[in-house]
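Have a look at the structure below, then the notes.
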Amino acid sequence: MNKEKKLEDLFLDTLKDIYYAEKKILRALPKMRRAASSAELQQAFDLHREQTEGQIERLEQVFELMGKKARGKTCDAIEGIIAEAEEIMEEFKGQPALDAGLISSAQAVEHYEIARYGTLKRWAMDLGMKDAAKLLDETLQEESQTDQNLSSLAEGKVNKKAA
Ligand SMILES: [Fe+2]
Ligand SMILES: [Fe+2]
């Protein structure tokens, strides 16, 4: 019989999923930055690329706290979200609605991350891993703030320009 899979196994699997996703996002953000036409949106992507580096380090700390090697596991969800972002960059290149499309793609990424980090934080607490929960919460707050910043950008000039 196979070993029983428990919450800790699920936690580790999901940690690998988001570790893979963050690395994928780190590579996608400079591309989105180059595609963006608004200076504010370019800055937002620059800032979030820096934050993403820190988030990857936090995940590595969580792996370390568990005595595991940091390893990613292919995340089909982020592959799909990034593929859609690339489609928008191609199809709306040079068009007034491009930045609005980039923001919508970036928010899809943030919402995925918020879902994952929210769950991971919850599970870390359930598993009595307080230090891990704290690290995951720091990232969760950054992702939520990024999502809000993107909403403000969309509500400001970007969507009016696209309309
Ligand atoms: Fe992230
Ligand atoms: Fe993010």
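Quick note on naming: the chains in the structure tokens go A, B, ... in the order shown, residues restart at 1 in each chain, and ligands are numbered from 1 in order of appearance.
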
Note to self: Could you list, as a count of residues only, all protein and nucleic acid residues with an atom at most 12 Å from ligand 1, counting only C-alpha atoms and all ligand atoms?
What the structure shows: 52

Item checked: 12 Å contact set for Leu12 (chain A), only C-alpha atoms, chain neighbours under 2 positions out, as a ChimeraX atom specification -> /A:5-10,14-19,59-60,62-73,119-120,123-124,127,132

Those selected residues, please, written with N, CA and C atoms and delivered as an mmCIF file, in the first residue's frame.
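The result, stored in out.cif:
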```cif
data_model
loop_
_atom_site.group_PDB
_atom_site.id
_atom_site.type_symbol
_atom_site.label_atom_id
_atom_site.label_comp_id
_atom_site.auth_asym_id
_atom_site.auth_seq_id
_atom_site.Cartn_x
_atom_site.Cartn_y
_atom_site.Cartn_z
ATOM 1 N N LYS A 5 -1.229 9.994 2.090
ATOM 2 C CA LYS A 5 -0.880 11.386 1.800
ATOM 3 C C LYS A 5 -1.675 12.298 2.715
ATOM 4 N N LYS A 6 -0.960 13.115 3.438
ATOM 5 C CA LYS A 6 -1.605 13.990 4.415
ATOM 6 C C LYS A 6 -1.450 15.458 4.039
ATOM 7 N N LEU A 7 -1.924 16.300 4.953
ATOM 8 C CA LEU A 7 -1.901 17.746 4.685
ATOM 9 C C LEU A 7 -0.487 18.246 4.388
ATOM 10 N N GLU A 8 0.495 17.693 5.068
ATOM 11 C CA GLU A 8 1.871 18.133 4.827
ATOM 12 C C GLU A 8 2.302 17.832 3.388
ATOM 13 N N ASP A 9 1.849 16.714 2.850
ATOM 14 C CA ASP A 9 2.182 16.367 1.458
ATOM 15 C C ASP A 9 1.520 17.340 0.485
ATOM 16 N N LEU A 10 0.271 17.670 0.807
ATOM 17 C CA LEU A 10 -0.474 18.609 -0.022
ATOM 18 C C LEU A 10 0.192 19.985 0.021
ATOM 19 N N THR A 14 1.854 21.972 -3.160
ATOM 20 C CA THR A 14 1.363 23.301 -3.526
ATOM 21 C C THR A 14 2.500 24.331 -3.464
ATOM 22 N N LEU A 15 3.407 24.112 -2.522
ATOM 23 C CA LEU A 15 4.593 24.966 -2.420
ATOM 24 C C LEU A 15 5.433 24.854 -3.703
ATOM 25 N N LYS A 16 5.565 23.639 -4.209
ATOM 26 C CA LYS A 16 6.311 23.419 -5.452
ATOM 27 C C LYS A 16 5.606 24.070 -6.637
ATOM 28 N N ASP A 17 4.283 24.014 -6.619
ATOM 29 C CA ASP A 17 3.470 24.615 -7.676
ATOM 30 C C ASP A 17 3.714 26.121 -7.732
ATOM 31 N N ILE A 18 3.640 26.791 -6.574
ATOM 32 C CA ILE A 18 3.782 28.254 -6.570
ATOM 33 C C ILE A 18 5.237 28.656 -6.803
ATOM 34 N N TYR A 19 6.173 27.809 -6.405
ATOM 35 C CA TYR A 19 7.597 28.086 -6.653
ATOM 36 C C TYR A 19 7.854 28.097 -8.166
ATOM 37 N N LEU A 59 9.959 31.638 -0.418
ATOM 38 C CA LEU A 59 9.564 30.242 -0.647
ATOM 39 C C LEU A 59 10.736 29.303 -0.357
ATOM 40 N N GLU A 60 11.944 29.736 -0.736
ATOM 41 C CA GLU A 60 13.123 28.906 -0.464
ATOM 42 C C GLU A 60 13.331 28.743 1.041
ATOM 43 N N VAL A 62 10.876 28.698 3.199
ATOM 44 C CA VAL A 62 9.850 27.751 3.664
ATOM 45 C C VAL A 62 10.301 26.310 3.393
ATOM 46 N N PHE A 63 10.844 26.070 2.194
ATOM 47 C CA PHE A 63 11.386 24.731 1.897
ATOM 48 C C PHE A 63 12.437 24.360 2.951
ATOM 49 N N GLU A 64 13.301 25.332 3.273
ATOM 50 C CA GLU A 64 14.376 25.081 4.227
ATOM 51 C C GLU A 64 13.818 24.745 5.619
ATOM 52 N N LEU A 65 12.785 25.487 6.006
ATOM 53 C CA LEU A 65 12.149 25.218 7.310
ATOM 54 C C LEU A 65 11.614 23.788 7.388
ATOM 55 N N MET A 66 11.237 23.255 6.222
ATOM 56 C CA MET A 66 10.697 21.887 6.176
ATOM 57 C C MET A 66 11.803 20.843 5.973
ATOM 58 N N GLY A 67 13.038 21.358 5.819
ATOM 59 C CA GLY A 67 14.156 20.449 5.574
ATOM 60 C C GLY A 67 14.104 19.822 4.187
ATOM 61 N N LYS A 68 13.481 20.555 3.248
ATOM 62 C CA LYS A 68 13.360 20.039 1.876
ATOM 63 C C LYS A 68 14.133 20.923 0.916
ATOM 64 N N LYS A 69 14.529 20.317 -0.197
ATOM 65 C CA LYS A 69 15.187 21.080 -1.252
ATOM 66 C C LYS A 69 14.131 21.864 -2.024
ATOM 67 N N ALA A 70 14.441 23.135 -2.348
ATOM 68 C CA ALA A 70 13.494 23.949 -3.121
ATOM 69 C C ALA A 70 13.396 23.387 -4.533
ATOM 70 N N ARG A 71 12.198 22.959 -4.884
ATOM 71 C CA ARG A 71 11.978 22.394 -6.218
ATOM 72 C C ARG A 71 10.616 22.793 -6.745
ATOM 73 N N GLY A 72 10.558 23.118 -8.029
ATOM 74 C CA GLY A 72 9.285 23.469 -8.636
ATOM 75 C C GLY A 72 8.620 22.255 -9.255
ATOM 76 N N LYS A 73 7.320 22.405 -9.471
ATOM 77 C CA LYS A 73 6.552 21.356 -10.134
ATOM 78 C C LYS A 73 5.667 22.074 -11.150
ATOM 79 N N THR A 119 -4.268 29.798 0.669
ATOM 80 C CA THR A 119 -4.371 28.388 1.055
ATOM 81 C C THR A 119 -3.119 27.929 1.805
ATOM 82 N N LEU A 120 -1.946 28.267 1.279
ATOM 83 C CA LEU A 120 -0.693 27.823 1.905
ATOM 84 C C LEU A 120 -0.552 28.381 3.325
ATOM 85 N N TRP A 123 -2.896 26.404 5.594
ATOM 86 C CA TRP A 123 -2.360 25.064 5.870
ATOM 87 C C TRP A 123 -1.148 25.129 6.791
ATOM 88 N N ALA A 124 -0.276 26.149 6.584
ATOM 89 C CA ALA A 124 0.906 26.284 7.455
ATOM 90 C C ALA A 124 0.450 26.463 8.898
ATOM 91 N N LEU A 127 -0.786 23.246 10.267
ATOM 92 C CA LEU A 127 0.311 22.304 10.512
ATOM 93 C C LEU A 127 1.233 22.776 11.645
ATOM 94 N N ALA A 132 6.638 29.631 8.794
ATOM 95 C CA ALA A 132 6.259 29.505 7.383
ATOM 96 C C ALA A 132 5.009 30.339 7.109
#
```

Item checked: All alpha helix (DSSP H) residues (DSSP, backbone) inside chain A, as a VMD selection string -> chain A and resid 7 to 35 39 to 65 76 to 91 98 to 126 130 to 153 159 to 162

Which residues of region 79-156 of chain A have any atom within 10 Å of an atom in region 39-44 of chain A when counting only C-alpha atoms, and what is the closest pair of atoms for each, with the distance in Å to one decimal? Order the rows by chain and rising number and write it as a Markdown table.
```
| residue | atom | partner | partner_atom | distance |
| --- | --- | --- | --- | --- |
| A:Asp99 | CA | A:Leu41 | CA | 7.7 |
| A:Ala100 | CA | A:Leu41 | CA | 9.9 |
| A:Leu102 | CA | A:Leu41 | CA | 9.0 |
| A:Ile103 | CA | A:Leu41 | CA | 8.1 |
| A:Thr146 | CA | A:Ala44 | CA | 8.1 |
| A:Asn149 | CA | A:Ala44 | CA | 7.9 |
| A:Leu150 | CA | A:Ala44 | CA | 7.8 |
| A:Leu153 | CA | A:Leu41 | CA | 7.3 |
| A:Ala154 | CA | A:Leu41 | CA | 9.4 |
```

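Shortest separation to ligand 2 among A:Met89, A:Ala36, A:Gln148, A:Glu155 occurs at residue A:Gln148, atoms counted being only C-alpha atoms and all ligand atoms.
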
Margin query: Excluding Glu86 (chain A) and its own-chain neighbours fewer than 5 positions away, which residues fall within 12 Å of it when counting only C-alpha atoms? Please give them as number ranges by chain.
Written below: A: 28-29, 31-32, 35, 79-81, 91-93, 98, 101-102, 105-106

Could you save those same residues with all heavy atoms as a CSV table (one decimal), in the first residue's frame?
```
chain,number,residue,atom,x,y,z
A,28,ALA,N,8.3,36.5,-17.0
A,28,ALA,CA,7.2,37.1,-17.9
A,28,ALA,C,7.2,38.6,-17.6
A,28,ALA,O,6.9,39.4,-18.5
A,28,ALA,CB,5.9,36.5,-17.6
A,29,LEU,N,7.5,39.1,-16.4
A,29,LEU,CA,7.3,40.5,-16.1
A,29,LEU,C,8.1,41.5,-16.9
A,29,LEU,O,7.6,42.5,-17.4
A,29,LEU,CB,7.5,40.7,-14.6
A,29,LEU,CG,6.3,40.4,-13.7
A,29,LEU,CD1,6.8,40.3,-12.2
A,29,LEU,CD2,5.2,41.3,-13.8
A,31,LYS,N,9.0,41.1,-19.9
A,31,LYS,CA,8.3,41.1,-21.3
A,31,LYS,C,7.1,42.0,-21.2
A,31,LYS,O,6.8,42.8,-22.2
A,31,LYS,CB,7.9,39.7,-21.6
A,31,LYS,CG,8.4,39.2,-22.9
A,31,LYS,CD,8.1,37.8,-23.2
A,31,LYS,CE,7.7,37.6,-24.6
A,31,LYS,NZ,7.3,36.2,-24.9
A,32,MET,N,6.3,41.9,-20.1
A,32,MET,CA,5.1,42.7,-20.0
A,32,MET,C,5.5,44.2,-19.8
A,32,MET,O,4.8,45.1,-20.3
A,32,MET,CB,4.3,42.2,-18.8
A,32,MET,CG,3.7,40.8,-19.1
A,32,MET,SD,2.9,40.0,-17.7
A,32,MET,CE,1.3,40.8,-17.6
A,35,ALA,N,6.2,45.7,-23.1
A,35,ALA,CA,5.0,45.8,-24.0
A,35,ALA,C,4.2,47.0,-23.5
A,35,ALA,O,3.5,47.7,-24.3
A,35,ALA,CB,4.2,44.6,-23.9
A,79,GLU,N,1.0,28.5,-16.6
A,79,GLU,CA,1.3,28.3,-18.0
A,79,GLU,C,0.2,28.9,-18.9
A,79,GLU,O,0.4,29.6,-19.8
A,79,GLU,CB,1.6,26.9,-18.4
A,79,GLU,CG,2.8,26.2,-17.8
A,79,GLU,CD,4.1,26.7,-18.4
A,79,GLU,OE1,4.1,27.4,-19.4
A,79,GLU,OE2,5.2,26.3,-17.8
A,80,GLY,N,-1.0,28.6,-18.5
A,80,GLY,CA,-2.2,29.0,-19.3
A,80,GLY,C,-2.4,30.5,-19.2
A,80,GLY,O,-2.7,31.2,-20.2
A,81,ILE,N,-2.3,31.1,-17.9
A,81,ILE,CA,-2.5,32.5,-17.7
A,81,ILE,C,-1.4,33.3,-18.5
A,81,ILE,O,-1.7,34.3,-19.1
A,81,ILE,CB,-2.4,32.8,-16.2
A,81,ILE,CG1,-3.7,32.2,-15.5
A,81,ILE,CG2,-2.4,34.3,-16.0
A,81,ILE,CD1,-3.6,32.3,-14.0
A,91,GLU,N,-1.7,40.3,-30.1
A,91,GLU,CA,-2.9,40.7,-30.8
A,91,GLU,C,-3.2,42.2,-30.6
A,91,GLU,O,-3.9,42.8,-31.4
A,91,GLU,CB,-4.1,39.8,-30.4
A,91,GLU,CG,-4.0,38.4,-31.0
A,91,GLU,CD,-5.1,37.5,-30.5
A,91,GLU,OE1,-6.1,38.0,-29.9
A,91,GLU,OE2,-4.9,36.3,-30.7
A,92,PHE,N,-2.8,42.8,-29.5
A,92,PHE,CA,-3.1,44.2,-29.2
A,92,PHE,C,-1.8,45.1,-29.3
A,92,PHE,O,-1.9,46.2,-28.9
A,92,PHE,CB,-3.8,44.3,-27.9
A,92,PHE,CG,-5.2,43.9,-27.9
A,92,PHE,CD1,-5.5,42.5,-27.8
A,92,PHE,CD2,-6.2,44.8,-28.1
A,92,PHE,CE1,-6.8,42.1,-27.8
A,92,PHE,CE2,-7.6,44.4,-28.2
A,92,PHE,CZ,-7.9,43.0,-28.0
A,93,LYS,N,-0.8,44.6,-29.9
A,93,LYS,CA,0.5,45.3,-30.1
A,93,LYS,C,0.2,46.7,-30.7
A,93,LYS,O,-0.5,46.7,-31.8
A,93,LYS,CB,1.4,44.5,-30.9
A,93,LYS,CG,2.9,44.9,-30.8
A,93,LYS,CD,3.8,44.0,-31.6
A,93,LYS,CE,5.2,44.5,-31.5
A,93,LYS,NZ,6.1,43.6,-32.3
A,98,LEU,N,-4.1,48.0,-25.4
A,98,LEU,CA,-3.0,47.1,-25.0
A,98,LEU,C,-2.8,47.1,-23.4
A,98,LEU,O,-2.8,46.1,-22.8
A,98,LEU,CB,-1.7,47.4,-25.7
A,98,LEU,CG,-0.5,46.5,-25.2
A,98,LEU,CD1,-0.7,45.0,-25.6
A,98,LEU,CD2,0.8,47.0,-25.8
A,101,GLY,N,-5.4,45.4,-21.5
A,101,GLY,CA,-5.2,44.0,-21.6
A,101,GLY,C,-4.1,43.5,-20.7
A,101,GLY,O,-4.2,42.4,-20.1
A,102,LEU,N,-3.0,44.2,-20.6
A,102,LEU,CA,-1.9,43.8,-19.8
A,102,LEU,C,-2.2,43.8,-18.3
A,102,LEU,O,-1.9,42.9,-17.6
A,102,LEU,CB,-0.7,44.7,-20.0
A,102,LEU,CG,0.1,44.6,-21.3
A,102,LEU,CD1,1.1,45.7,-21.5
A,102,LEU,CD2,0.8,43.3,-21.4
A,105,SER,N,-4.3,40.8,-17.6
A,105,SER,CA,-3.5,39.6,-17.5
A,105,SER,C,-2.7,39.5,-16.2
A,105,SER,O,-2.7,38.5,-15.5
A,105,SER,CB,-2.5,39.5,-18.6
A,105,SER,OG,-3.1,39.5,-19.9
A,106,ALA,N,-2.2,40.7,-15.8
A,106,ALA,CA,-1.4,40.8,-14.6
A,106,ALA,C,-2.3,40.5,-13.4
A,106,ALA,O,-1.9,39.8,-12.4
A,106,ALA,CB,-0.8,42.1,-14.4
```

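From CA of Leu135 (chain A) back to CA of Ser152 (chain A), the distance works out to 26.3 Å.
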
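Distances from A:Asp46, A:Asp76, A:Ala163, A:Lys130 to ligand 2 were compared using only C-alpha atoms and all ligand atoms, and the smallest one belongs to A:Asp46.
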
Next item on the list: For CA of Lys160 (chain A) and CA of Glu87 (chain A), determine how far apart the two atoms are, in Å to one decimal place.
Entry: 22.1 Å

Note to self: Taking only C-alpha atoms into account, name the residue in A:Ser38, A:Thr74, A:Gln61, A:Ser104 that is nearest to Lys161 (chain A).
What the structure shows: A:Ser38
